[in-house]
Every structure is written in structure tokens, then in C-alpha cells.
$ cat structure.tsv   # TSV, C-alpha atoms and all ligand atoms
chain	number	residue	atom	x	y	z
A	1	MET	CA	39.61	-28.44	135.11
A	2	ASN	CA	37.07	-28.42	132.25
A	3	LEU	CA	37.06	-26.31	129.11
A	4	ILE	CA	33.98	-25.26	127.18
A	5	VAL	CA	33.98	-23.67	123.73
A	6	ALA	CA	32.03	-23.40	120.49
A	7	VAL	CA	34.10	-23.63	117.30
A	8	ASP	CA	33.35	-23.30	113.63
A	9	GLN	CA	34.79	-25.61	110.98
A	10	ASN	CA	38.14	-23.81	111.10
A	11	TRP	CA	38.17	-23.84	114.90
A	12	GLY	CA	37.40	-20.12	114.81
A	13	ILE	CA	35.81	-18.87	118.04
A	14	GLY	CA	35.41	-15.10	117.80
A	15	LYS	CA	35.55	-11.92	115.79
A	16	ASP	CA	35.79	-8.26	116.87
A	17	GLY	CA	35.48	-9.20	120.54
A	18	ASP	CA	32.30	-11.19	120.09
A	19	LEU	CA	31.15	-14.73	119.35
A	20	LEU	CA	30.92	-15.86	115.73
A	21	LYS	CA	27.29	-16.81	116.10
A	22	ARG	CA	24.72	-16.85	118.90
A	23	ILE	CA	22.95	-20.21	118.85
A	24	SER	CA	20.19	-20.34	121.42
A	25	GLY	CA	20.44	-24.13	121.95
A	26	ASP	CA	24.16	-23.86	122.53
A	27	MET	CA	23.69	-20.91	124.92
A	28	LYS	CA	21.31	-23.07	126.99
A	29	TYR	CA	23.78	-25.96	126.90
A	30	PHE	CA	26.55	-23.61	128.12
A	31	ARG	CA	24.28	-22.30	130.87
A	32	ASN	CA	23.23	-25.78	132.03
A	33	THR	CA	26.77	-27.15	131.93
A	34	THR	CA	28.32	-24.28	133.90
A	35	MET	CA	25.45	-23.47	136.30
A	36	GLY	CA	26.58	-23.57	139.93
A	37	LYS	CA	30.22	-23.98	138.87
A	38	VAL	CA	33.30	-21.78	138.77
A	39	ILE	CA	33.90	-20.08	135.42
A	40	ILE	CA	37.31	-18.69	134.53
A	41	MET	CA	37.76	-16.17	131.74
A	42	GLY	CA	40.14	-13.63	130.29
A	43	ARG	CA	39.41	-9.91	130.52
A	44	ARG	CA	38.36	-9.66	126.86
A	45	THR	CA	35.79	-12.44	127.23
A	46	PHE	CA	34.43	-10.76	130.35
A	47	GLU	CA	33.97	-7.57	128.32
A	48	SER	CA	31.93	-9.52	125.76
A	49	LEU	CA	29.37	-10.65	128.35
A	50	PRO	CA	25.93	-9.03	128.24
A	51	GLY	CA	26.08	-5.78	130.23
A	52	LYS	CA	29.70	-6.58	131.21
A	53	LYS	CA	28.39	-8.34	134.30
A	54	ALA	CA	29.13	-11.67	135.96
A	55	LEU	CA	27.09	-14.59	134.66
A	56	PRO	CA	24.50	-15.36	137.34
A	57	GLY	CA	24.52	-18.51	139.46
A	58	ARG	CA	28.22	-19.12	138.96
A	59	THR	CA	31.47	-18.01	140.61
A	60	ASN	CA	33.03	-15.75	137.98
A	61	ILE	CA	36.81	-15.36	137.87
A	62	VAL	CA	38.39	-12.82	135.51
A	63	LEU	CA	42.10	-12.71	134.74
A	64	THR	CA	43.73	-9.37	133.82
A	65	ARG	CA	47.02	-7.56	134.22
A	66	THR	CA	45.15	-4.24	134.27
A	67	ALA	CA	45.58	-2.71	137.73
A	68	ASN	CA	42.41	-2.03	139.76
A	69	TYR	CA	40.22	-3.59	137.09
A	70	ALA	CA	36.58	-3.52	138.15
A	71	ALA	CA	34.42	-6.42	136.97
A	72	GLN	CA	30.98	-6.38	138.54
A	73	GLY	CA	30.23	-9.54	140.50
A	74	CYS	CA	33.58	-11.20	139.65
A	75	LYS	CA	36.75	-12.18	141.45
A	76	VAL	CA	39.49	-10.33	139.59
A	77	LEU	CA	42.95	-11.96	139.57
A	78	GLY	CA	46.16	-10.45	138.21
A	79	SER	CA	48.40	-13.38	137.39
A	80	GLU	CA	48.71	-17.09	136.80
A	81	GLU	CA	50.08	-17.47	140.33
A	82	GLU	CA	46.97	-15.83	141.76
A	83	LEU	CA	44.76	-18.00	139.55
A	84	PHE	CA	46.45	-21.24	140.62
A	85	ALA	CA	46.20	-20.24	144.30
A	86	GLU	CA	42.49	-19.39	143.90
A	87	ILE	CA	41.45	-22.56	142.09
A	88	GLU	CA	42.97	-24.70	144.86
A	89	LYS	CA	39.88	-23.72	146.86
A	90	TYR	CA	37.52	-25.62	144.56
A	91	ASP	CA	37.01	-29.16	143.25
A	92	ARG	CA	38.80	-29.53	139.91
A	93	GLU	CA	35.61	-30.91	138.34
A	94	ASP	CA	33.79	-27.67	139.19
A	95	LEU	CA	36.23	-25.44	137.28
A	96	PHE	CA	35.31	-24.37	133.74
A	97	LEU	CA	37.65	-22.42	131.51
A	98	ILE	CA	35.26	-20.42	129.29
A	99	GLY	CA	37.70	-18.48	127.09
A	100	GLY	CA	38.79	-16.69	125.13
A	101	ALA	CA	41.50	-17.70	122.69
A	102	LYS	CA	44.37	-16.48	124.84
A	103	MET	CA	43.08	-18.26	127.93
A	104	TYR	CA	42.44	-21.52	126.03
A	105	GLU	CA	45.99	-21.37	124.63
A	106	GLU	CA	47.52	-20.75	128.05
A	107	TYR	CA	45.51	-23.25	130.08
A	108	ILE	CA	44.30	-26.09	127.83
A	109	ASP	CA	47.02	-28.26	129.32
A	110	CYS	CA	45.35	-27.90	132.72
A	111	CYS	CA	42.07	-29.25	131.31
A	112	ASP	CA	41.16	-32.94	131.45
A	113	THR	CA	37.69	-32.60	129.91
A	114	LEU	CA	36.72	-30.45	126.93
A	115	TYR	CA	33.12	-29.64	126.01
A	116	ILE	CA	33.30	-28.60	122.39
A	117	THR	CA	30.36	-27.50	120.28
A	118	LYS	CA	31.18	-27.90	116.61
A	119	ILE	CA	29.24	-25.53	114.39
A	120	TYR	CA	29.08	-26.93	110.87
A	121	GLU	CA	29.61	-23.54	109.25
A	122	THR	CA	32.57	-21.30	108.45
A	123	TYR	CA	32.70	-17.69	109.61
A	124	GLU	CA	35.20	-14.88	109.30
A	125	ALA	CA	37.14	-15.05	112.57
A	126	ASP	CA	40.06	-13.35	114.32
A	127	ARG	CA	40.33	-15.70	117.31
A	128	TYR	CA	40.89	-19.46	117.17
A	129	MET	CA	41.12	-22.43	119.45
A	130	VAL	CA	43.73	-25.14	118.89
A	131	ASN	CA	42.32	-27.98	116.76
A	132	VAL	CA	42.29	-30.83	119.26
A	133	ASP	CA	41.44	-33.34	116.53
A	134	LYS	CA	44.94	-32.72	115.16
A	135	ARG	CA	46.58	-32.84	118.55
A	136	ASP	CA	47.36	-36.04	120.37
A	137	GLY	CA	46.12	-36.34	123.92
A	138	TYR	CA	42.32	-36.24	123.90
A	139	LEU	CA	39.66	-38.77	122.92
A	140	VAL	CA	36.01	-38.14	122.11
A	141	THR	CA	34.05	-39.97	124.85
A	142	TRP	CA	30.57	-38.71	123.99
A	143	GLU	CA	28.85	-36.92	121.14
A	144	SER	CA	25.28	-35.74	120.72
A	145	ASP	CA	23.20	-36.15	117.62
A	146	VAL	CA	23.61	-33.40	115.04
A	147	ILE	CA	21.21	-30.59	115.98
A	148	GLU	CA	19.62	-28.22	113.49
A	149	GLU	CA	18.48	-24.74	114.50
A	150	ASP	CA	17.25	-22.22	111.94
A	151	GLY	CA	18.99	-24.18	109.20
A	152	LEU	CA	22.32	-24.23	111.08
A	153	LYS	CA	23.76	-27.60	112.06
A	154	TYR	CA	25.89	-28.16	115.15
A	155	GLN	CA	26.91	-30.98	117.48
A	156	TYR	CA	28.20	-31.33	121.05
A	157	PHE	CA	31.33	-33.34	121.82
A	158	LYS	CA	32.96	-34.32	125.07
A	159	TYR	CA	36.69	-35.01	124.92
A	160	GLU	CA	38.71	-36.53	127.72
A	161	ARG	CA	42.42	-36.73	128.22
A	162	LYS	CA	43.80	-40.13	127.18
B	1	LIG	N1	33.33	-19.47	120.84
B	1	LIG	C1	33.49	-19.50	122.14
B	1	LIG	O1	33.09	-20.48	122.79
B	1	LIG	C2	34.14	-18.36	122.84
B	1	LIG	C3	34.28	-18.39	124.24
B	1	LIG	C4	34.90	-17.31	124.86
B	1	LIG	C5	35.35	-16.25	124.11
B	1	LIG	N2	35.20	-16.25	122.78
B	1	LIG	C6	35.69	-15.13	121.96
B	1	LIG	O2	37.11	-15.01	122.13
B	1	LIG	C7	37.48	-13.63	121.95
B	1	LIG	C8	38.28	-13.17	123.13
B	1	LIG	O3	39.49	-13.92	123.22
B	1	LIG	P1	40.91	-13.19	123.41
B	1	LIG	O4	41.97	-14.19	123.16
B	1	LIG	O5	40.90	-11.93	122.61
B	1	LIG	O6	40.87	-12.72	124.93
B	1	LIG	P2	40.66	-13.48	126.33
B	1	LIG	O7	41.42	-14.78	126.34
B	1	LIG	O8	39.22	-13.50	126.68
B	1	LIG	O9	41.33	-12.44	127.32
B	1	LIG	C9	42.73	-12.15	127.20
B	1	LIG	C10	43.10	-11.24	128.35
B	1	LIG	O10	43.06	-11.98	129.57
B	1	LIG	C11	44.07	-11.49	130.45
B	1	LIG	N3	45.04	-12.56	130.71
B	1	LIG	C12	45.27	-13.68	129.97
B	1	LIG	N4	46.24	-14.42	130.54
B	1	LIG	C13	46.61	-13.76	131.67
B	1	LIG	C14	47.55	-14.03	132.69
B	1	LIG	N5	48.31	-15.16	132.69
B	1	LIG	N6	47.68	-13.12	133.70
B	1	LIG	C15	46.91	-12.01	133.75
B	1	LIG	N7	45.99	-11.70	132.80
B	1	LIG	C16	45.85	-12.57	131.77
B	1	LIG	C17	44.73	-10.32	129.72
B	1	LIG	O11	43.96	-9.17	130.08
B	1	LIG	P3	44.57	-7.68	130.10
B	1	LIG	O12	44.82	-7.32	128.68
B	1	LIG	O13	43.51	-6.86	130.75
B	1	LIG	O14	45.83	-7.76	130.93
B	1	LIG	C18	44.51	-10.69	128.26
B	1	LIG	O15	44.58	-9.59	127.39
B	1	LIG	C19	36.17	-12.87	121.75
B	1	LIG	O16	35.92	-12.70	120.37
B	1	LIG	C20	35.13	-13.78	122.37
B	1	LIG	O17	33.82	-13.58	121.86
B	1	LIG	C21	34.60	-17.28	122.12

$ encode --input "structure.tsv" --output "C-alpha cells"
Amino acid sequence: MNLIVAVDQNWGIGKDGDLLKRISGDMKYFRNTTMGKVIIMGRRTFESLPGKKALPGRTNIVLTRTANYAAQGCKVLGSEEELFAEIEKYDREDLFLIGGAKMYEEYIDCCDTLYITKIYETYEADRYMVNVDKRDGYLVTWESDVIEEDGLKYQYFKYERK
């Protein structure tokens, strides 16, 4: 399974149920990387999507313990057991864990490849991703140049399990 996330310098990823910053280049990168794939998210991340609708062109899976949860255009699953049974149906390389903090914490160990956008800025945050640079187990196997958009610098990294 793959993981994709954008972090700030403190590995913050969200605040008040939303992203820290919308960066149009990074949104396109996310779209291109996940297009045609299977995206797996927690209920709170689903609720942060525009119009609370599935992202088009992808199989959307939402995890929640809320009974009879309706998520337009998504497969709704109620437990880890259901998730593991569902993802058996797909190639591992096609699976993308797209957040949020709770889901990254629970399932990072299932992920062999991490696509991490580092935003060279610090924001007030209430959700964080584990700092994989301080955690043994992954190596950076590719990095883009530093990109600048409206004065904001960011960079894409690909990490793979050692
Ligand atoms: N920077 C980024 O790249 C990025 C990416 C994604 C999200 N985010 C941000 O992250 C924040 C959301 O993260 P979050 O940690 O609050 O929430 P989350 O991980 O999106 O969703 C957590 C919810 O998922 C469900 N869930 C998780 N594990 C489950 C399990 N094993 N079985 C059944 N249901 C399970 C539960 O839903 P119920 O409560 O309904 O049971 C849980 O409350 C937002 O601010 C969002 O913008 C940032």
C-alpha cells in the first residue's frame, strides 16, 4: 500500500478538519498520483472533501464506525477487518492511504511507499503525521527540486521501506 500526505515543518497536516494550506501544484500532484487508483480515508477526511463527495476517477473507500453512514460515491467500511478483506481485491500498488492523522497512525505500517510533500512553512495545526525522518524503516528514494508557488516553497519526496 502507498501513503500520500502533505506536511509542514512540524509534520502538521490539518487544523479544524481542513488542510493547513491549499497549494494548487500539490493538489495536481495528488490528483495525478492517485488518479485511477483506490484511495482509502477516514470519515473525517471524507467530510473535508469538496461537497463531501467521492473524488472522481478513483475508487473511494471510507472507514467509519458510524452505523449506516452515507458517503456519496464511496464504499463505506466499518472496521479494520472489513478494510483488510476489501483491499485484498486490488493490487497493493494501486492502494493509496490518503489520511487523515488517525488513519496514517493506524496503517502506516501497511505502507511500503510514502509520497510526502514537505511544505517549508509552519502552521498552527491540530493533526500530525509521524515524523518518518526520525523513525527507522524508510529511505528517501526520490526527491523533486524545491518548488516555489506564490512565495511558498515545497518539495516532493518518495520514501520506500528499507
Ligand atoms: N495534509 C494532508 O495531506 C492531509 C490528508 C488527509 C487529511 N488531512 C487532515 O487530517 C484531518 C483529519 O484527520 P483525523 O485524524 O481527524 O481523522 P481521519 O483519520 O480522517 O478519520 C478518523 C475517523 O476514521 C474512522 N476510523 C479510523 N479508524 C477506523 C477503524 N479502524 N475502524 C472504523 N473506523 C475507523 C473513524 O470514524 P468515525 O468517528 O465515524 O467512527 C475515525 O473517527 C483533517 O484536518 C484533514 O484536513 C490532511

$ residues_around --input "structure.tsv" --residues "Leu63 in chain A" --least-positions-apart "6" --cutoff "10 Å" --atoms "only C-alpha atoms" --output "PyMOL selection string"
chain A and resi 40-46+69+74-80+82-83+103

$ atom_distance --input "structure.tsv" --atom1 "CA of Asn10 in chain A" --atom2 "CA of Arg31 in chain A"
24.2 Å

$ atom_distance --input "structure.tsv" --atom1 "CA of Asp26 in chain A" --atom2 "CA of Cys110 in chain A"
23.9 Å

$ atom_distance --input "structure.tsv" --atom1 "CA of Trp142 in chain A" --atom2 "CA of Asp112 in chain A"
14.2 Å

$ closest_residue --input "structure.tsv" --among "A:Glu81, A:Glu86, A:Glu47, A:Glu148" --to "Tyr120 in chain A" --atoms "all atoms listed in the file"
A:Glu148

$ axis_aligned_box --input "structure.tsv" --around "ligand LIG 1 (chain B)" --padding-each-side "4 Å" --output "AutoDock Vina command-line options"
--center_x 40.7 --center_y -13.7 --center_z 127.1 --size_x 23.2 --size_y 21.6 --size_z 21.4

$ closest_residue --input "structure.tsv" --among "A:Tyr29, A:Phe157, A:Phe84, A:Tyr90" --to "Thr113 in chain A" --atoms "only C-alpha atoms"
A:Phe157

$ closest_residue --input "structure.tsv" --among "A:Asp109, A:Asp8, A:Asp18, A:Asp126" --to "ligand LIG 1 (chain B)" --atoms "all atoms listed in the file"
A:Asp18

$ closest_residue --input "structure.tsv" --among "A:Thr34, A:Thr117, A:Thr59, A:Gln9" --to "ligand LIG 1 (chain B)" --atoms "only C-alpha atoms and all ligand atoms"
A:Thr117

$ residues_around --input "structure.tsv" --residues "Lys21 in chain A" --least-positions-apart "5" --cutoff "12 Å" --atoms "all atoms listed in the file" --output "list in words"
Ala6, Val7, Asp8, Gly12, Ile13, Gly14, Lys15, Asp26, Met27, Thr117, Lys118, Ile119, Tyr120, Glu121, Thr122, Tyr123, Glu124, Ala125, Glu149, Leu152 and Tyr154 of chain A

$ closest_residue --input "structure.tsv" --among "A:Ala70, A:Leu139, A:Ala101, A:Val132" --to "ligand LIG 1 (chain B)" --atoms "all atoms listed in the file"
A:Ala101

$ closest_residue --input "structure.tsv" --among "A:Leu95, A:Val38, A:Ala54, A:Leu49" --to "Gly73 in chain A" --atoms "only C-alpha atoms"
A:Ala54

$ residues_around --input "structure.tsv" --residues "Arg92 in chain A" --least-positions-apart "5" --cutoff "9 Å" --atoms "only C-alpha atoms" --output "list in words"
Met1, Asn2 and Ile87 of chain A
